[in-house]
Every structure is written in structure tokens, then in C-alpha cells.
>>> print(open('target_1.cif').read())   # mmCIF, C-alpha atoms
data_protein
loop_
_atom_site.label_atom_id
_atom_site.label_comp_id
_atom_site.auth_asym_id
_atom_site.auth_seq_id
_atom_site.Cartn_x
_atom_site.Cartn_y
_atom_site.Cartn_z
CA ASP A 1 248.75 -44.51 34.52
CA GLN A 2 251.58 -47.00 34.90
CA GLN A 3 253.52 -47.55 31.70
CA VAL A 4 255.71 -50.26 33.25
CA LYS A 5 254.05 -52.84 35.44
CA GLN A 6 255.47 -55.49 37.69
CA ASN A 7 252.37 -57.27 38.90
CA SER A 8 254.04 -59.53 41.45
CA PRO A 9 255.12 -57.58 44.53
CA SER A 10 257.04 -60.57 45.84
CA LEU A 11 258.44 -63.94 44.79
CA SER A 12 259.94 -66.72 46.91
CA VAL A 13 262.21 -69.34 45.35
CA GLN A 14 264.35 -72.19 46.66
CA GLU A 15 268.11 -71.91 46.26
CA GLY A 16 269.30 -73.58 43.06
CA ARG A 17 265.95 -73.25 41.30
CA ILE A 18 264.98 -70.78 38.60
CA SER A 19 263.62 -67.32 39.46
CA ILE A 20 261.38 -65.71 36.85
CA LEU A 21 260.49 -62.06 37.27
CA ASN A 22 257.94 -60.55 34.92
CA CYS A 23 257.33 -57.09 33.56
CA ASP A 24 254.67 -55.67 31.22
CA TYR A 25 254.65 -52.34 29.45
CA THR A 26 252.04 -50.32 27.62
CA ASN A 27 254.03 -47.73 25.64
CA SER A 28 254.89 -49.05 22.18
CA MET A 29 257.58 -46.34 21.88
CA PHE A 30 259.75 -48.10 24.45
CA ASP A 31 262.67 -49.73 22.71
CA TYR A 32 265.23 -50.31 25.42
CA PHE A 33 264.68 -52.24 28.63
CA LEU A 34 266.77 -52.69 31.74
CA TRP A 35 266.69 -54.65 34.96
CA TYR A 36 268.06 -53.26 38.19
CA LYS A 37 268.57 -54.95 41.55
CA LYS A 38 268.25 -53.01 44.79
CA TYR A 39 269.40 -53.96 48.26
CA PRO A 40 268.12 -52.00 51.29
CA ALA A 41 270.02 -48.75 51.92
CA GLU A 42 271.70 -48.94 48.50
CA GLY A 43 270.92 -47.46 45.12
CA PRO A 44 269.70 -49.68 42.27
CA THR A 45 272.45 -51.71 40.62
CA PHE A 46 272.31 -52.32 36.86
CA LEU A 47 271.93 -56.00 35.99
CA ILE A 48 271.17 -56.51 32.33
CA SER A 49 269.53 -54.74 29.41
CA ILE A 50 267.96 -55.56 26.07
CA SER A 51 267.23 -53.59 22.94
CA SER A 52 263.95 -54.07 21.11
CA ILE A 53 265.80 -55.44 18.09
CA LYS A 54 266.60 -58.55 20.15
CA ASP A 55 264.40 -61.06 21.90
CA LYS A 56 267.00 -62.45 24.30
CA ASN A 57 270.10 -61.30 26.10
CA GLU A 58 272.17 -63.44 28.42
CA ASP A 59 274.82 -62.58 30.99
CA GLY A 60 275.97 -65.41 33.21
CA ARG A 61 273.10 -66.58 35.40
CA PHE A 62 270.84 -63.77 34.15
CA THR A 63 268.79 -63.89 30.95
CA VAL A 64 266.24 -61.34 29.80
CA PHE A 65 263.56 -62.28 27.28
CA LEU A 66 261.55 -59.72 25.33
CA ASN A 67 258.21 -60.41 23.64
CA LYS A 68 257.38 -57.22 21.77
CA SER A 69 254.03 -58.37 20.46
CA ALA A 70 252.89 -59.08 24.02
CA LYS A 71 254.73 -56.03 25.43
CA HIS A 72 256.24 -58.35 27.99
CA LEU A 73 259.69 -59.04 29.29
CA SER A 74 261.03 -61.41 31.87
CA LEU A 75 264.24 -61.89 33.83
CA HIS A 76 265.40 -65.44 34.48
CA ILE A 77 267.95 -66.18 37.18
CA VAL A 78 269.42 -69.68 37.06
CA PRO A 79 270.47 -71.03 39.49
CA SER A 80 269.09 -68.71 42.15
CA GLN A 81 271.34 -67.94 45.11
CA PRO A 82 270.50 -66.46 48.54
CA GLY A 83 272.58 -63.39 47.61
CA ASP A 84 270.08 -62.71 44.82
CA SER A 85 267.48 -61.77 47.44
CA ALA A 86 266.66 -58.13 46.69
CA VAL A 87 264.06 -55.94 45.01
CA TYR A 88 264.20 -56.16 41.23
CA PHE A 89 263.07 -53.23 39.09
CA CYS A 90 262.18 -53.35 35.44
CA ALA A 91 262.79 -50.07 33.56
CA ALA A 92 262.12 -48.91 30.02
CA SER A 93 263.29 -46.09 27.82
CA ALA A 94 262.12 -44.63 24.52
CA GLN A 95 264.36 -43.25 21.80
CA GLY A 96 264.43 -39.50 22.03
CA SER A 97 263.53 -39.45 25.70
CA GLN A 98 267.04 -38.34 26.72
CA GLY A 99 267.45 -41.59 28.60
CA ASN A 100 264.51 -40.99 30.89
CA LEU A 101 263.92 -44.36 32.54
CA ILE A 102 260.39 -45.40 33.46
CA PHE A 103 260.44 -47.89 36.32
CA GLY A 104 258.00 -50.50 37.55
CA LYS A 105 257.19 -50.77 41.25
CA GLY A 106 259.56 -53.66 41.78
CA THR A 107 259.36 -57.31 42.79
CA LYS A 108 260.92 -58.47 46.03
CA LEU A 109 262.73 -61.76 45.45
CA SER A 110 263.53 -64.03 48.39
CA VAL A 111 265.80 -66.98 47.71
CA LYS A 112 265.64 -69.49 50.54
CA PRO A 113 268.60 -71.78 51.35
CA GLU B 1 286.98 -46.04 39.12
CA THR B 2 284.90 -44.01 41.58
CA GLY B 3 281.19 -44.73 41.65
CA VAL B 4 278.30 -42.30 42.07
CA THR B 5 278.26 -40.63 45.47
CA GLN B 6 275.50 -38.60 47.10
CA SER B 7 275.31 -36.36 50.13
CA PRO B 8 273.89 -36.16 52.67
CA THR B 9 272.73 -39.69 53.42
CA HIS B 10 269.75 -38.59 55.47
CA LEU B 11 268.04 -35.26 55.95
CA ILE B 12 265.11 -34.04 58.02
CA LYS B 13 263.37 -30.79 57.08
CA THR B 14 260.11 -29.10 57.95
CA ARG B 15 257.35 -28.11 55.58
CA GLY B 16 258.09 -24.90 53.66
CA GLN B 17 261.87 -25.18 53.98
CA GLN B 18 264.31 -25.54 51.12
CA VAL B 19 266.81 -28.37 50.58
CA THR B 20 269.86 -29.00 48.41
CA LEU B 21 271.04 -32.52 47.60
CA ARG B 22 274.39 -33.25 45.99
CA CYS B 23 275.68 -35.86 43.58
CA SER B 24 279.10 -36.68 42.18
CA SER B 25 278.94 -38.63 38.96
CA GLN B 26 280.96 -41.71 38.16
CA SER B 27 284.36 -41.07 36.63
CA GLY B 28 284.07 -40.64 32.86
CA HIS B 29 280.34 -39.88 32.93
CA ASN B 30 278.94 -36.59 31.63
CA THR B 31 275.22 -36.93 32.29
CA VAL B 32 273.32 -36.88 35.58
CA SER B 33 269.69 -37.85 36.12
CA TRP B 34 267.69 -37.40 39.30
CA TYR B 35 264.90 -39.69 40.47
CA GLN B 36 262.45 -39.64 43.38
CA GLN B 37 261.51 -42.97 44.94
CA ALA B 38 258.53 -42.92 47.28
CA LEU B 39 257.94 -45.84 49.64
CA GLY B 40 256.74 -48.92 47.77
CA GLN B 41 257.20 -47.32 44.37
CA GLY B 42 259.78 -47.45 41.65
CA PRO B 43 262.06 -44.47 41.02
CA GLN B 44 260.37 -41.61 39.19
CA PHE B 45 262.33 -39.42 36.77
CA ILE B 46 262.70 -35.78 37.88
CA PHE B 47 265.13 -34.37 35.31
CA GLN B 48 268.43 -34.91 33.57
CA TYR B 49 271.45 -32.65 33.15
CA TYR B 50 273.88 -32.79 30.26
CA ARG B 51 276.55 -30.20 29.52
CA GLU B 52 275.33 -28.13 32.46
CA GLU B 53 271.82 -27.75 31.02
CA GLU B 54 268.53 -29.41 31.85
CA ASN B 55 267.90 -31.98 29.17
CA GLY B 56 264.55 -33.58 29.82
CA ARG B 57 262.14 -33.28 32.73
CA GLY B 58 259.52 -35.51 34.28
CA ASN B 59 256.21 -34.51 35.81
CA PHE B 60 257.58 -32.43 38.68
CA PRO B 61 256.74 -28.80 39.53
CA PRO B 62 259.21 -25.91 39.02
CA ARG B 63 260.10 -25.87 42.73
CA PHE B 64 262.27 -28.85 41.83
CA SER B 65 265.34 -27.41 40.15
CA GLY B 66 268.90 -28.44 39.56
CA LEU B 67 272.38 -27.58 38.46
CA GLN B 68 275.25 -29.38 36.81
CA PHE B 69 278.81 -28.15 37.27
CA PRO B 70 281.76 -28.29 34.86
CA ASN B 71 283.08 -31.39 36.67
CA TYR B 72 279.69 -33.04 35.92
CA SER B 73 278.63 -33.11 39.56
CA SER B 74 275.07 -31.98 40.20
CA GLU B 75 272.68 -30.51 42.74
CA LEU B 76 268.97 -31.01 43.22
CA ASN B 77 267.15 -28.13 44.91
CA VAL B 78 263.63 -28.36 46.25
CA ASN B 79 261.86 -25.22 47.46
CA ALA B 80 258.77 -24.89 49.63
CA LEU B 81 258.98 -28.48 50.83
CA GLU B 82 255.75 -30.43 51.18
CA LEU B 83 255.07 -33.54 53.25
CA ASP B 84 254.78 -35.61 50.03
CA ASP B 85 258.35 -34.72 49.13
CA SER B 86 259.48 -37.24 51.73
CA ALA B 87 261.24 -39.90 49.67
CA LEU B 88 264.55 -41.41 48.64
CA TYR B 89 266.25 -39.18 46.08
CA LEU B 90 268.49 -41.03 43.68
CA CYS B 91 271.11 -39.65 41.38
CA ALA B 92 272.27 -41.65 38.36
CA SER B 93 275.14 -40.93 36.02
CA SER B 94 275.77 -42.10 32.49
CA ASN B 95 277.93 -41.29 29.51
CA ARG B 96 275.70 -39.90 26.83
CA ASP B 97 277.03 -40.72 23.41
CA GLY B 98 273.87 -40.51 21.35
CA SER B 99 272.93 -44.11 21.95
CA TYR B 100 271.27 -45.90 24.80
CA ASN B 101 273.37 -46.46 27.83
CA GLU B 102 272.94 -47.76 31.30
CA GLN B 103 272.54 -45.39 34.20
CA PHE B 104 274.51 -46.07 37.37
CA PHE B 105 272.91 -45.05 40.61
CA GLY B 106 274.23 -43.62 43.83
CA PRO B 107 273.05 -44.82 47.26
CA GLY B 108 270.47 -42.04 47.53
CA THR B 109 269.53 -39.35 50.03
CA ARG B 110 266.62 -40.13 52.35
CA LEU B 111 264.62 -36.91 52.83
CA THR B 112 262.00 -36.67 55.56
CA VAL B 113 259.70 -33.65 55.61
CA LEU B 114 257.86 -33.05 58.89
#
>>> encode(input="target_1.cif", output="C-alpha cells")
Amino acid sequence: DQQVKQNSPSLSVQEGRISILNCDYTNSMFDYFLWYKKYPAEGPTFLISISSIKDKNEDGRFTVFLNKSAKHLSLHIVPSQPGDSAVYFCAASAQGSQGNLIFGKGTKLSVKP
Amino acid sequence: ETGVTQSPTHLIKTRGQQVTLRCSSQSGHNTVSWYQQALGQGPQFIFQYYREEENGRGNFPPRFSGLQFPNYSSELNVNALELDDSALYLCASSNRDGSYNEQFFGPGTRLTVL
């Protein structure tokens, strides 16, 4: 029973264009969401987070949107760069869970020059 | 600022053996969480240590155990290894202050059980 779902295993985008990575969740107790990027042979690197009291958070080229009614969040990368090619994980946490992060299976993003 | 480090990088064990993995938390962090990442999956929460005590546990059997030391470093011990324990084991540190905070991951230990 997957509580965090990333339904697209892979995504290919041209350099300079927008990358949109999607994530759905089922647990209504989740109130904090994070995106991590992972290169091969490295641990996940924190990218950006959003609390459920917000619907948007922006950091440079990265923006996360949260739609609580749809239990959906998305990560937008604009403009995409070849160095953004990696596996992106969506993760969620619920208050009182001691920071236990529930991860999706990841989406592999390929940005082509 | 020193990041999260893990040792060893790779490890090969046989079924039934025991293994200990080590993690040094990022400077200034007091909480360590361990995750198991199987091939093609996202990381799965094993447990978290705060103030040298287990503080939350995922759906893993008791043969997965851990320790946290006064310097906030941590160990993950797995007894009676099974083939399905083959995975990347990730350690993440954070500074628990009662609110949400981001976890910062180490590079992981790749465990292969034969």
C-alpha cells in the first residue's frame, strides 16, 4: 500500500524547457512534503520542501506546488539544465511521526542538451 | 561543516551472518534516521534515534537494531541476514527542534547478501 506515489518512472526534457515532476499521496495526515534529488552512487540531496499551510514554495529554478484537495504536489524546474538529470524523490511526513519520511519510488529525469 | 558520512561503502555478507553499518551525523545535528532502499524503490524508514534512544520505527523486524552514541553518531545492526536484506542503507541526520526539518543523507552503504 503505497502512501506516496510517483506514477512516472521517467521523464525526458529538452534543455531550457520546463520539467514537471508529479507526486500523489493518500494519507490525509501528511502535512509536510519534500523533494530530494539523487545521483548514482550518492545519497539523496534535499531540494525543496513545503508545509501544508502553503500551496507554493519557490527556490531559484525550483518551485513546488501543493494541491491538498487533490492530494497532489508537483515540482517545476525552469529552465531545465543537463546537470538536473537525476532521480527525483517525493517524500511526505506527518506531524507526530518523529520525522519519519515516506518516499515515492522516484522519477528519473533526463535533460537533453 | 562536515556532511553525513557512512562506512563501509560496500559490503558483501552471506545469509545468516550479522552486519554493522556506521554513520556520522552532520555537525550540529542530534537526530539520526536509517532507511533501506531496495533496487527500483524509494528509501524505506527503518528507525530513528534521538538522544541515544530509538524514537520511531518502521515496519522492520527486531533483527534490525541500532545505537546512537553521545557524539550523535549511530550504528545499524542486522542479525541473521536474509537475501532480501540486500539493499542500499542510507543514514540521514537532522536537528530535531520540535518542528519539521529536512533530513540530510549520507552516500549510503551498499549491502549484498549472498
>>> atom_distance(input="target_1.cif", atom1="CA of Gly16 (chain B)", atom2="CA of Arg63 (chain B)")
11.2 Å
>>> resolve_selection(input="target_1.cif", expression="the PyMOL selection byres ((chain A) within 12 of (chain B))", output="VMD selection string")
chain A and resid 2 to 6 9 to 10 30 to 52 87 to 108
>>> atom_distance(input="target_1.cif", atom1="CA of Ile20 (chain A)", atom2="CA of Pro113 (chain A)")
17.3 Å
>>> residues_near_point(input="target_1.cif", point="(267.0, -66.1, 33.4)", cutoff="10 Å", atoms="all atoms listed in the file", output="list in words")
Ile18, Ser19, Ile20, Leu21, Lys56, Asn57, Glu58, Asp59, Gly60, Arg61, Phe62, Thr63, Val64, Phe65, Ser74, Leu75, His76, Ile77, Val78, Pro79 and Ser80 of chain A
>>> write_last_selection(input="target_1.cif", atoms="C-alpha atoms", output="compact mmCIF listing (two decimals), in the coordinates of the input")
# COMPACT_ATOMS: atom_id res chain seq x y z
CA ILE A 18 264.98 -70.78 38.60
CA SER A 19 263.62 -67.32 39.46
CA ILE A 20 261.38 -65.71 36.85
CA LEU A 21 260.49 -62.06 37.27
CA LYS A 56 267.00 -62.45 24.30
CA ASN A 57 270.10 -61.30 26.10
CA GLU A 58 272.17 -63.44 28.42
CA ASP A 59 274.82 -62.58 30.99
CA GLY A 60 275.97 -65.41 33.21
CA ARG A 61 273.10 -66.58 35.40
CA PHE A 62 270.84 -63.77 34.15
CA THR A 63 268.79 -63.89 30.95
CA VAL A 64 266.24 -61.34 29.80
CA PHE A 65 263.56 -62.28 27.28
CA SER A 74 261.03 -61.41 31.87
CA LEU A 75 264.24 -61.89 33.83
CA HIS A 76 265.40 -65.44 34.48
CA ILE A 77 267.95 -66.18 37.18
CA VAL A 78 269.42 -69.68 37.06
CA PRO A 79 270.47 -71.03 39.49
CA SER A 80 269.09 -68.71 42.15
>>> residues_around(input="target_1.cif", residues="Thr14 (chain B)", least_positions_apart="2", cutoff="12 Å", atoms="all atoms listed in the file", output="list in words")
Leu11, Ile12, Gly16, Gln17, Gln18, Val19, Asn79, Ala80, Leu81, Glu82, Leu83, Asp84, Asp85, Ser86, Leu111, Thr112, Val113 and Leu114 of chain B
>>> closest_residue(input="target_1.cif", among="B:Pro70, B:Glu53, B:Glu75, B:Lys13", to="Ala87 (chain B)", atoms="all atoms listed in the file")
B:Lys13
>>> resolve_selection(input="target_1.cif", expression="the PyMOL selection byres ((chain A and resi 71) around 10)", output="number ranges by chain")
A: 4, 23-28, 30, 66-70, 72-73
>>> resolve_selection(input="target_1.cif", expression="the PyMOL selection byres ((chain B and resi 72) around 7)", output="PyMOL selection string")
chain B and resi 25+30-31+68-71+73-74
